[in-house]
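For reference, run13.txt (compact mmCIF, C-alpha atoms):
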# COMPACT_ATOMS: atom_id res chain seq x y z
CA VAL Z 29 -2.55 1.13 19.12
CA GLN Z 30 -0.72 -1.28 16.77
CA LEU Z 31 1.94 -2.00 19.38
CA ASN Z 32 -0.31 -3.32 22.12
CA GLY Z 33 -3.70 -3.60 20.42
CA LEU Z 34 -5.48 -6.29 18.50
CA VAL Z 35 -6.16 -4.51 15.24
CA SER Z 36 -8.49 -5.94 12.60
CA THR Z 37 -9.57 -4.49 9.28
CA ILE Z 38 -12.75 -4.75 7.21
CA SER Z 39 -13.21 -3.33 3.71
CA ILE Z 40 -16.23 -2.75 1.51
CA ASN Z 41 -16.68 -1.54 -2.04
CA VAL Z 42 -18.89 1.51 -2.51
CA GLU Z 43 -20.50 2.49 -5.79
CA ALA Z 44 -19.20 5.82 -7.01
CA PHE Z 45 -21.81 8.42 -7.89
CA LYS Z 46 -21.75 11.94 -9.23
CA ILE Z 47 -21.45 14.55 -6.52
CA ASP Z 48 -23.79 17.42 -7.30
CA GLY Z 49 -23.86 20.86 -5.77
CA ASN Z 50 -20.21 21.15 -4.77
CA ASN Z 51 -20.01 24.82 -3.80
CA SER Z 52 -16.88 24.66 -1.72
CA LEU Z 53 -13.81 26.16 -3.36
CA LEU Z 54 -11.52 23.25 -2.57
CA PHE Z 55 -13.82 20.49 -3.74
CA ASP Z 56 -15.41 22.03 -6.87
CA ALA Z 57 -13.00 20.46 -9.33
CA SER Z 58 -12.52 17.11 -7.59
CA ASP Z 59 -14.45 13.92 -7.18
CA SER Z 60 -13.62 13.86 -3.48
CA TYR Z 61 -16.05 12.03 -1.29
CA LEU Z 62 -14.13 13.07 1.82
CA PRO Z 63 -16.57 15.76 3.05
CA LEU Z 64 -19.56 13.46 2.59
CA ILE Z 65 -17.76 10.54 4.24
CA ALA Z 66 -16.71 12.70 7.20
CA TYR Z 67 -20.25 14.08 7.54
CA GLU Z 68 -21.94 10.65 7.38
CA SER Z 69 -19.35 8.99 9.63
CA SER Z 70 -19.83 11.63 12.31
CA LYS Z 71 -23.58 10.95 12.32
CA LEU Z 72 -23.05 7.18 12.46
CA LEU Z 73 -20.70 7.44 15.43
CA ASN Z 74 -23.73 8.36 17.57
CA LYS Z 75 -25.16 4.95 16.68
CA TYR Z 76 -21.81 3.13 17.05
CA PRO Z 77 -20.14 4.75 20.09
CA MET Z 78 -17.55 1.96 20.41
CA LEU Z 79 -15.90 3.35 17.29
CA ASN Z 80 -15.66 6.72 19.06
CA SER Z 81 -13.78 5.40 22.07
CA TYR Z 82 -10.43 3.95 23.09
CA PHE Z 83 -8.92 1.16 25.19
CA GLU Z 84 -6.51 1.92 28.01
CA TYR Z 85 -5.29 -0.12 31.00
CA GLY Z 86 -7.99 -2.77 30.59
CA TYR Z 87 -10.91 -0.32 30.25
CA ILE Z 88 -12.89 1.08 27.33
CA TYR Z 89 -13.51 4.82 27.46
CA GLU Z 90 -16.21 6.39 25.27
CA TYR Z 91 -15.80 9.95 24.10
CA VAL Z 92 -18.73 12.32 24.61
CA ASP Z 93 -17.79 14.54 21.66
CA ILE Z 94 -17.42 13.34 18.09
CA ASN Z 95 -14.29 14.99 16.71
CA ILE Z 96 -13.36 13.77 13.24
CA GLY Z 97 -9.67 13.86 12.44
CA ILE Z 98 -8.72 14.32 8.79
CA ALA Z 99 -5.27 12.96 7.98
CA LEU Z 100 -3.31 15.43 5.83
CA ASP Z 101 0.08 14.67 4.30
CA ILE Z 102 0.71 17.04 1.43
CA ASP Z 103 4.27 18.37 1.76
CA ASP Z 104 4.94 18.97 5.45
CA GLY Z 105 4.54 15.55 7.06
CA LEU Z 106 1.46 13.79 8.36
CA LYS Z 107 -0.89 15.92 10.46
CA VAL Z 108 -4.41 15.09 11.62
CA TYR Z 109 -6.67 18.13 11.40
CA ASN Z 110 -9.51 17.97 13.92
CA ILE Z 111 -13.10 18.90 13.09
CA ARG Z 112 -14.64 19.38 16.51
CA ASN Z 113 -18.22 18.22 17.14
CA CYS Z 114 -18.48 17.24 13.48
CA ASN Z 115 -21.78 15.44 14.11
CA ASN Z 116 -23.41 18.83 14.81
CA LEU Z 117 -22.29 20.40 11.51
CA SER Z 118 -23.99 20.59 8.13
CA LEU Z 119 -22.36 18.98 5.11
CA ASN Z 120 -21.39 22.42 3.80
CA LYS Z 121 -19.80 23.32 7.13
CA VAL Z 122 -17.82 20.05 7.09
CA LYS Z 123 -16.58 20.94 3.57
CA GLU Z 124 -15.56 24.39 4.84
CA GLN Z 125 -13.75 22.90 7.84
CA ILE Z 126 -11.77 20.47 5.64
CA SER Z 127 -10.86 23.31 3.27
CA GLU Z 128 -9.76 25.43 6.22
CA GLY Z 129 -7.62 22.57 7.54
CA VAL Z 130 -5.90 22.12 4.17
CA TYR Z 131 -5.38 25.88 3.91
CA HIS Z 132 -3.72 26.05 7.34
CA TYR Z 133 -1.68 22.92 6.60
CA LEU Z 134 -0.33 24.44 3.38
CA ARG Z 135 0.46 27.73 5.15
CA LYS Z 136 2.20 25.70 7.88
CA ASP Z 137 0.23 27.48 10.60
CA LEU Z 138 -1.79 24.66 12.14
CA THR Z 139 -2.02 25.11 15.89
CA VAL Z 140 -1.90 22.42 18.58
CA GLU Z 141 -5.65 22.95 19.01
CA ASN Z 142 -6.14 22.26 15.26
CA ILE Z 143 -4.39 18.89 15.46
CA SER Z 144 -5.37 17.52 18.87
CA ASP Z 145 -8.33 15.73 20.43
CA SER Z 146 -9.73 13.90 17.41
CA THR Z 147 -11.75 10.85 18.44
CA PHE Z 148 -12.04 9.09 15.04
CA THR Z 149 -9.79 9.57 12.00
CA ILE Z 150 -10.37 9.44 8.26
CA THR Z 151 -7.46 9.10 5.87
CA ASP Z 152 -8.08 9.62 2.16
CA LEU Z 153 -5.47 8.34 -0.32
CA SER Z 154 -7.82 8.49 -3.30
CA GLN Z 155 -5.86 11.27 -5.01
CA TYR Z 156 -2.85 8.95 -5.21
CA GLY Z 157 -4.69 6.20 -7.10
CA VAL Z 158 -4.47 3.73 -4.21
CA SER Z 159 -6.91 0.86 -4.74
CA HIS Z 160 -6.74 -0.50 -1.17
CA PHE Z 161 -4.71 0.07 2.00
CA VAL Z 162 -4.80 -0.71 5.71
CA PRO Z 163 -4.77 2.46 7.82
CA LEU Z 164 -3.18 2.40 11.26
CA VAL Z 165 -5.33 3.17 14.29
CA ASN Z 166 -4.17 6.31 16.11
CA ASN Z 167 -3.33 6.45 19.79
CA MET Z 168 -6.36 7.10 22.05
CA GLN Z 169 -8.76 5.97 19.30
CA SER Z 170 -10.42 2.68 18.43
CA ALA Z 171 -10.87 3.09 14.66
CA ILE Z 172 -9.69 4.78 11.48
CA LEU Z 173 -11.44 4.87 8.12
CA GLY Z 174 -9.43 4.70 4.88
CA VAL Z 175 -10.75 5.99 1.55
CA SER Z 176 -9.27 4.57 -1.65
CA ALA Z 177 -9.36 5.81 -5.24
CA ILE Z 178 -12.28 5.31 -7.57
CA ASP Z 179 -11.86 2.32 -9.85
CA LYS Z 180 -13.13 3.96 -13.06
CA LYS Z 181 -13.71 0.59 -14.77
CA LEU Z 182 -15.88 -0.77 -11.96
CA ASN Z 183 -17.21 2.65 -10.89
CA ARG Z 184 -16.50 2.02 -7.21
CA PHE Z 185 -14.06 2.80 -4.43
CA THR Z 186 -13.04 0.97 -1.27
CA LEU Z 187 -13.63 2.02 2.32
CA THR Z 188 -11.43 0.24 4.86
CA LEU Z 189 -12.01 0.48 8.59
CA SER Z 190 -9.21 -0.63 10.90
CA PHE Z 191 -10.34 -1.09 14.49
CA ASP Z 192 -9.12 -2.12 17.92
CA HIS Z 193 -10.60 -5.57 18.51
CA ARG Z 194 -10.34 -5.03 22.28
CA VAL Z 195 -13.06 -2.39 21.91
CA THR Z 196 -15.44 -3.84 19.34
CA GLU Z 197 -15.89 -6.67 16.85
CA GLY Z 198 -16.25 -7.17 13.12
CA LYS Z 199 -20.05 -7.41 13.24
CA VAL Z 200 -20.34 -3.85 14.60
CA VAL Z 201 -17.77 -2.52 12.13
CA SER Z 202 -19.57 -4.22 9.23
CA LYS Z 203 -22.87 -2.64 10.25
CA PHE Z 204 -21.19 0.79 10.50
CA LEU Z 205 -19.72 0.41 7.01
CA PHE Z 206 -23.00 -0.70 5.44
CA ASP Z 207 -25.09 1.98 7.18
I'd like the structure from this file rewritten - as structure tokens, please.
Amino acid sequence: VQLNGLVSTISINVEAFKIDGNNSLLFDASDSYLPLIAYESSKLLNKYPMLNSYFEYGYIYEYVDINIGIALDIDDGLKVYNIRNCNNLSLNKVKEQISEGVYHYLRKDLTVENISDSTFTITDLSQYGVSHFVPLVNNMQSAILGVSAIDKKLNRFTLTLSFDHRVTEGKVVSKFLFD
């Protein structure tokens, strides 16, 4: 999208809170908000369908399904693992799906089906201590959400949403971020 699109970015600071009840193997020892962010974002995309769409040849196309892509880049290059119909899953199921994606990524056995057809992407660089970054919108999408590290002093982290301005505007993106 960067090549031909009009990309804008809006960031907000979010207060960090203790995550209770982490039962998923992958997320027990971490402060990762990724499962919760993926879960909540998938629900919000019903309310903000322009963020679950794309621009092509002068038209905006809305996706029917909400498929959250989780950007993974551990040691085998960047891959976007797709959680299909994420808006219909429980928080625990979203956690399981992310764990499964990481597992398959590490085993280097992700399939084309695992990494295709996402309609909205989340990229989480919190484990690298990144305080803020501008994620790039993927092809055939209108938005991508970036998750930054927790600032321990201020007890907050930054969410950054890059979006295709041909599809929506800052007011809509701001409402999405604050919902």
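Shortest atom-to-atom contact with Arg184 in chain Z among Z:Tyr89, Z:Ser159, Z:Met78, Z:Ile126: Z:Ser159, counting all atoms listed in the file.
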Could you please give me, as a short mmCIF file (atom, residue, chain, number, x, y, z; two decimals) with C-alpha atoms, keeping the file's coordinate frame, the residues of protein, DNA or RNA lying at most 7 Å from (-12.8, -0.2, 17.4) in the coordinate frame of the file, considering only C-alpha atoms?
data_model
loop_
_atom_site.label_atom_id
_atom_site.label_comp_id
_atom_site.auth_asym_id
_atom_site.auth_seq_id
_atom_site.Cartn_x
_atom_site.Cartn_y
_atom_site.Cartn_z
CA MET Z 78 -17.55 1.96 20.41
CA LEU Z 79 -15.90 3.35 17.29
CA SER Z 170 -10.42 2.68 18.43
CA ALA Z 171 -10.87 3.09 14.66
CA PHE Z 191 -10.34 -1.09 14.49
CA ASP Z 192 -9.12 -2.12 17.92
CA HIS Z 193 -10.60 -5.57 18.51
CA VAL Z 195 -13.06 -2.39 21.91
CA THR Z 196 -15.44 -3.84 19.34
#
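You can rank Z:Leu62, Z:Leu164, Z:Leu189, Z:Val42 by their closest distance to Leu119 in chain Z using only C-alpha atoms, and at the top of that list sits Z:Leu62.
For Val130 in chain Z, the residues within 12 Å (counting only C-alpha atoms, excluding itself and residues fewer than 3 positions away along the chain) are Leu53, Leu54, Phe55, Ile98, Ala99, Leu100, Asp101, Ile102, Asp103, Asp104, Leu106, Lys107, Val108, Tyr109, Asn110, Ile111, Lys123, Glu124, Gln125, Ile126, Ser127, Tyr133, Leu134, Arg135, Lys136, Asp137, Leu138, Asn142 and Ile143 of chain Z.
Excluding Asn95 in chain Z itself and same-chain residues fewer than 4 positions from it, the residues having an atom within 8 Å of it are Z:Ser70, Z:Asn110, Z:Ile111, Z:Arg112, Z:Asn113, Z:Cys114, Z:Asn115, Z:Asp145, Z:Ser146, Z:Thr147, Z:Phe148, counting only C-alpha atoms.
Between CA of Ala44 in chain Z and CA of Asn166 in chain Z the interatomic distance comes to 27.6 Å.
Remark: for Pro163 in chain Z, the closest of the candidate residues Z:Val200, Z:Leu187, Z:Ser69, Z:Asn116 is Z:Leu187 (distances computed over only C-alpha atoms).
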Write out as a PDB file with C-alpha atoms, keeping the file's coordinate frame the residues lying within 12 Å of Lys203 in chain Z, counting only C-alpha atoms and excluding same-chain residues fewer than 2 positions away.
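That gives us out36.pdb:
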ATOM      1  CA  ILE Z  38     -12.750  -4.750   7.210  1.00  0.00           C
ATOM      2  CA  SER Z  39     -13.210  -3.330   3.710  1.00  0.00           C
ATOM      3  CA  ILE Z  40     -16.230  -2.750   1.510  1.00  0.00           C
ATOM      4  CA  LEU Z  72     -23.050   7.180  12.460  1.00  0.00           C
ATOM      5  CA  LEU Z  73     -20.700   7.440  15.430  1.00  0.00           C
ATOM      6  CA  LYS Z  75     -25.160   4.950  16.680  1.00  0.00           C
ATOM      7  CA  TYR Z  76     -21.810   3.130  17.050  1.00  0.00           C
ATOM      8  CA  LEU Z  79     -15.900   3.350  17.290  1.00  0.00           C
ATOM      9  CA  LEU Z 189     -12.010   0.480   8.590  1.00  0.00           C
ATOM     10  CA  THR Z 196     -15.440  -3.840  19.340  1.00  0.00           C
ATOM     11  CA  GLU Z 197     -15.890  -6.670  16.850  1.00  0.00           C
ATOM     12  CA  GLY Z 198     -16.250  -7.170  13.120  1.00  0.00           C
ATOM     13  CA  LYS Z 199     -20.050  -7.410  13.240  1.00  0.00           C
ATOM     14  CA  VAL Z 200     -20.340  -3.850  14.600  1.00  0.00           C
ATOM     15  CA  VAL Z 201     -17.770  -2.520  12.130  1.00  0.00           C
ATOM     16  CA  LEU Z 205     -19.720   0.410   7.010  1.00  0.00           C
ATOM     17  CA  PHE Z 206     -23.000  -0.700   5.440  1.00  0.00           C
ATOM     18  CA  ASP Z 207     -25.090   1.980   7.180  1.00  0.00           C
TER      19      ASP Z 207
END
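Pairwise distance (CA of Lys46 in chain Z, CA of Leu64 in chain Z) equals 12.1 Å.
Proximity of Z:Phe45, Z:Ser36, Z:Lys71, Z:Tyr61 to Val165 in chain Z, computed with only C-alpha atoms, is greatest for Z:Ser36.
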Surrounding residues of Ile150 in chain Z excluding itself and chain neighbours under 6 positions, 8 Å, all atoms listed in the file, as an MDAnalysis selection string: chainID Z and resid 66 96:99 172:175
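The space between CA of Val158 in chain Z and CA of Ser144 in chain Z spans 26.9 Å.
Distances here use all atoms listed in the file; by that measure, the residue among Z:Thr139, Z:Asn41, Z:Ser118, Z:Ser81 closest to Gln169 in chain Z is Z:Ser81.
The nearest approach to Asp93 in chain Z among the residues Z:Asn80, Z:Ser60, Z:Thr188, Z:Thr37, with all atoms listed in the file taken into account, belongs to Z:Asn80.
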